[in-house]
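Asks: My file is protein11.pdb. It has PDB, C-alpha atoms:
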```pdb
MODEL        1
ATOM      1  CA  MET A  48      23.306 154.714  70.904
ATOM      2  CA  SER A  49      24.787 157.804  72.488
ATOM      3  CA  ALA A  50      28.531 158.361  72.452
ATOM      4  CA  ASP A  51      28.521 158.540  76.269
ATOM      5  CA  ALA A  52      26.831 155.145  76.570
ATOM      6  CA  ALA A  53      29.199 153.564  74.046
ATOM      7  CA  ASN A  54      32.221 155.064  75.800
ATOM      8  CA  TYR A  55      30.932 153.770  79.140
ATOM      9  CA  CYS A  56      30.850 150.194  77.814
ATOM     10  CA  LYS A  57      34.379 150.623  76.430
ATOM     11  CA  LYS A  58      35.539 151.866  79.846
ATOM     12  CA  ILE A  59      34.026 148.761  81.422
ATOM     13  CA  LEU A  60      35.950 146.517  78.996
ATOM     14  CA  ALA A  61      39.182 148.245  79.976
ATOM     15  CA  LEU A  62      38.711 147.403  83.674
ATOM     16  CA  ASP A  63      39.701 143.753  83.386
ATOM     17  CA  PRO A  64      41.233 141.637  80.611
ATOM     18  CA  LYS A  65      38.770 138.799  81.276
ATOM     19  CA  ILE A  66      35.709 140.894  80.349
ATOM     20  CA  ARG A  67      34.489 139.719  76.929
ATOM     21  CA  PHE A  68      31.428 141.916  76.437
ATOM     22  CA  ALA A  69      29.666 144.820  78.154
ATOM     23  CA  GLY A  70      26.175 146.090  77.435
ATOM     24  CA  LYS A  71      23.827 148.614  78.974
ATOM     25  CA  ILE A  72      20.085 147.986  79.202
ATOM     26  CA  VAL A  73      17.771 150.925  79.892
ATOM     27  CA  ASP A  74      14.003 150.483  80.036
ATOM     28  CA  GLU A  75      14.344 146.891  78.781
ATOM     29  CA  GLU A  76      16.263 148.032  75.661
ATOM     30  CA  LEU A  77      19.911 147.316  74.934
ATOM     31  CA  VAL A  78      21.219 150.849  74.322
ATOM     32  CA  SER A  79      24.963 150.269  74.012
ATOM     33  CA  THR A  80      27.524 147.497  73.740
ATOM     34  CA  ALA A  81      31.237 146.923  73.481
ATOM     35  CA  ARG A  82      33.075 143.686  72.738
ATOM     36  CA  LYS A  83      36.704 142.921  73.454
ATOM     37  CA  ASP A  84      38.819 142.878  70.306
ATOM     38  CA  GLY A  85      39.321 139.386  68.947
ATOM     39  CA  VAL A  86      36.521 137.804  70.966
ATOM     40  CA  ILE A  87      34.194 135.604  68.957
ATOM     41  CA  PRO A  88      30.601 135.748  70.259
ATOM     42  CA  LEU A  89      29.302 132.480  71.704
ATOM     43  CA  LEU A  90      25.718 133.278  70.646
ATOM     44  CA  ASP A  91      24.358 134.223  67.249
ATOM     45  CA  LYS A  92      22.474 137.509  66.876
ATOM     46  CA  ASP A  93      19.028 136.021  67.624
ATOM     47  CA  LEU A  94      20.142 134.104  70.716
ATOM     48  CA  ALA A  95      22.066 137.131  71.967
ATOM     49  CA  ALA A  96      18.926 139.277  71.653
ATOM     50  CA  LEU A  97      16.978 136.629  73.561
ATOM     51  CA  ALA A  98      19.640 136.517  76.281
ATOM     52  CA  HIS A  99      19.473 140.308  76.670
ATOM     53  CA  HIS A 100      15.686 140.139  76.899
ATOM     54  CA  GLN A 101      15.984 137.379  79.512
ATOM     55  CA  VAL A 102      18.047 139.723  81.698
ATOM     56  CA  SER A 103      15.270 142.327  81.548
ATOM     57  CA  VAL A 104      12.617 139.751  82.422
ATOM     58  CA  LYS A 105      14.667 138.415  85.354
ATOM     59  CA  ALA A 106      15.181 141.974  86.613
ATOM     60  CA  MET A 107      11.472 142.698  86.394
ATOM     61  CA  MET A 108      10.601 139.485  88.248
ATOM     62  CA  ASP A 109      13.266 140.164  90.853
ATOM     63  CA  LYS A 110      11.543 143.436  91.804
ATOM     64  CA  MET A 111       8.718 141.387  93.344
ATOM     65  CA  PHE A 112      11.067 140.493  96.205
ATOM     66  CA  THR A 113      12.531 143.948  96.837
ATOM     67  CA  ASP A 114      10.118 144.911  99.628
ATOM     68  CA  LYS A 115      10.922 141.782 101.631
ATOM     69  CA  LEU A 116      14.578 141.195 100.736
ATOM     70  CA  GLY A 117      15.953 144.573  99.660
ATOM     71  CA  ASN A 118      17.360 145.726  96.339
ATOM     72  CA  THR A 119      19.376 143.338  94.212
ATOM     73  CA  ASP A 120      22.871 144.680  93.603
ATOM     74  CA  TRP A 121      24.137 142.048  91.164
ATOM     75  CA  ILE A 122      23.601 138.528  89.851
ATOM     76  CA  VAL A 123      26.265 136.126  88.612
ATOM     77  CA  GLU A 124      25.626 133.068  86.450
ATOM     78  CA  SER A 125      28.538 130.713  86.008
ATOM     79  CA  LYS A 126      28.358 128.565  82.885
ATOM     80  CA  GLY A 127      30.914 126.208  81.369
ATOM     81  CA  LYS A 128      32.181 128.643  78.726
ATOM     82  CA  VAL A 129      31.354 132.022  80.238
ATOM     83  CA  LYS A 130      30.393 133.864  83.402
ATOM     84  CA  LEU A 131      27.478 136.298  83.060
ATOM     85  CA  LEU A 132      27.217 139.310  85.367
ATOM     86  CA  THR A 133      24.120 141.452  85.759
ATOM     87  CA  ILE A 134      24.756 144.635  87.713
ATOM     88  CA  PHE A 135      21.823 146.809  88.725
ATOM     89  CA  GLN A 136      22.528 150.534  88.429
ATOM     90  CA  LYS A 137      20.426 153.629  89.055
ATOM     91  CA  ASP A 138      19.949 154.278  85.339
ATOM     92  CA  GLY A 139      19.573 150.696  84.111
ATOM     93  CA  ILE A 140      21.307 147.343  84.034
ATOM     94  CA  LEU A 141      24.894 146.630  83.073
ATOM     95  CA  ILE A 142      25.425 143.174  81.592
ATOM     96  CA  LEU A 143      28.814 141.544  81.190
ATOM     97  CA  SER A 144      30.152 138.313  79.889
ATOM     98  CA  THR A 145      33.551 137.304  81.176
ATOM     99  CA  GLU A 146      35.870 134.374  80.942
ATOM    100  CA  PRO A 147      34.691 131.623  83.328
ATOM    101  CA  THR A 148      37.798 132.114  85.484
ATOM    102  CA  SER A 149      37.226 135.843  86.042
ATOM    103  CA  ASP A 150      37.176 137.297  89.547
ATOM    104  CA  HIS A 151      33.661 138.715  89.453
ATOM    105  CA  HIS A 152      33.978 140.317  92.903
ATOM    106  CA  SER A 153      36.994 142.307  91.735
ATOM    107  CA  ILE A 154      35.260 143.330  88.499
ATOM    108  CA  ILE A 155      32.132 144.461  90.371
ATOM    109  CA  GLU A 156      34.226 146.534  92.784
ATOM    110  CA  LYS A 157      36.064 148.201  89.872
ATOM    111  CA  ILE A 158      32.709 149.060  88.283
ATOM    112  CA  LYS A 159      31.407 150.534  91.551
ATOM    113  CA  ASN A 160      34.527 152.696  91.805
ATOM    114  CA  LEU A 161      34.070 153.842  88.196
ATOM    115  CA  SER A 162      30.502 155.029  88.780
TER     116      SER A 162
ENDMDL
END
```
Please express what this file holds, its structure, as structure tokens.

Replies:
Amino acid sequence: MSADAANYCKKILALDPKIRFAGKIVDEELVSTARKDGVIPLLDKDLAALAHHQVSVKAMMDKMFTDKLGNTDWIVESKGKVKLLTIFQKDGILILSTEPTSDHHSIIEKIKNLS
């Protein structure tokens, strides 16, 4: 994990207090992560790895629709205990978990302004 990639994930965490976790996926590989201090992961290591892989698979499948529908900018999944954000970027995919009450539109706008 490069220092730049790790610092980027830390910068993402600092954008909003409701962000629990930030990770960067490049070429289907999780290359950097940052977790908010004091946050206990909801998934164990194996399930977390599977969840990160699922994001890559969804992104790959989503590309089938790009010609007809245009590029996907972001995807939000709202679950009972967490909100999951997938943000497509030029150099990969940014994945976030946030508190379920987070304002994902605001977080996405802050990330766009950071880039």

Asks: May I ask for the distance between CA of Asn54 in chain A and CA of Ala95 in chain A, given in Å to one decimal place?

Replies: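 Answer for the CA of Asn54 in chain A to CA of Ala95 in chain A separation: 21.0 Å.
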
Asks: Report as a list in words all protein, DNA and RNA residues lying within 9 Å of Phe135 in chain A, evaluated on only C-alpha atoms, omitting residues in the same chain fewer than 3 positions from it.

Replies: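 Listed by chain and then number, they are Ala106, Asn118, Thr119, Asp120, Trp121, Ile122, Asp138, Gly139, Ile140, Leu141 and Ile142 of chain A.
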
Asks: Take the PyMOL selection byres ((chain A and resi 145-158) around 8), apply it to the structure above, and return the hits as a short mmCIF file (atom, residue, chain, number, x, y, z; two decimals) with C-alpha atoms, in the coordinates of the input.

Replies:
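So result_36.cif came out as:
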```cif
data_model
loop_
_atom_site.label_atom_id
_atom_site.label_comp_id
_atom_site.auth_asym_id
_atom_site.auth_seq_id
_atom_site.Cartn_x
_atom_site.Cartn_y
_atom_site.Cartn_z
CA ILE A 59 34.03 148.76 81.42
CA LEU A 62 38.71 147.40 83.67
CA ASP A 63 39.70 143.75 83.39
CA LYS A 65 38.77 138.80 81.28
CA ILE A 66 35.71 140.89 80.35
CA ARG A 67 34.49 139.72 76.93
CA PHE A 68 31.43 141.92 76.44
CA VAL A 123 26.26 136.13 88.61
CA SER A 125 28.54 130.71 86.01
CA LYS A 126 28.36 128.56 82.88
CA GLY A 127 30.91 126.21 81.37
CA LYS A 128 32.18 128.64 78.73
CA VAL A 129 31.35 132.02 80.24
CA LYS A 130 30.39 133.86 83.40
CA LEU A 131 27.48 136.30 83.06
CA LEU A 132 27.22 139.31 85.37
CA ILE A 134 24.76 144.64 87.71
CA LEU A 143 28.81 141.54 81.19
CA SER A 144 30.15 138.31 79.89
CA LYS A 159 31.41 150.53 91.55
CA ASN A 160 34.53 152.70 91.80
CA LEU A 161 34.07 153.84 88.20
CA SER A 162 30.50 155.03 88.78
#
```

Asks: Which residues come within 9 Å of range 97-105 of chain A, counting only C-alpha atoms, excluding same-chain residues fewer than 3 positions away, as a list in words?

Replies: Gly70, Ile72, Asp74, Glu75, Glu76, Leu77, Leu90, Lys92, Asp93, Leu94, Met108, Asp109, Lys110, Thr133, Ile140 and Ile142 of chain A

Asks: Draw an axis-aligned box over all listed atoms of range 77-90 of chain A, pad each side with 6 Å, and write its centre and edge lengths in Å, one decimal, as AutoDock Vina command-line options.

Replies:
```
--center_x 29.6 --center_y 141.7 --center_z 71.9 --size_x 31.4 --size_y 30.4 --size_z 18.0
```

Asks: Evaluate the PyMOL selection byres ((chain A and resi 53) around 12) against this structure - the residues, as a list in words, please.

Replies: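 Taken on the displayed file, the PyMOL selection byres ((chain A and resi 53) around 12) yields the residues Met48, Ser49, Ala50, Asp51, Ala52, Asn54, Tyr55, Cys56, Lys57, Lys58, Ile59, Leu60, Ala69, Gly70, Lys71, Ile72, Leu77, Val78, Ser79, Thr80, Ala81 and Arg82 of chain A.
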
Asks: In Å, how far is it from CA of Asp114 in chain A to CA of Gln136 in chain A?

Replies: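 Atom-to-atom, CA of Asp114 in chain A to CA of Gln136 in chain A, that is 17.6 Å.
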
Asks: By how many Å are CA of Asp91 in chain A and CA of Met107 in chain A apart?

Replies: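 About the pair CA of Asp91 in chain A and CA of Met107 in chain A: they are 24.6 Å apart.
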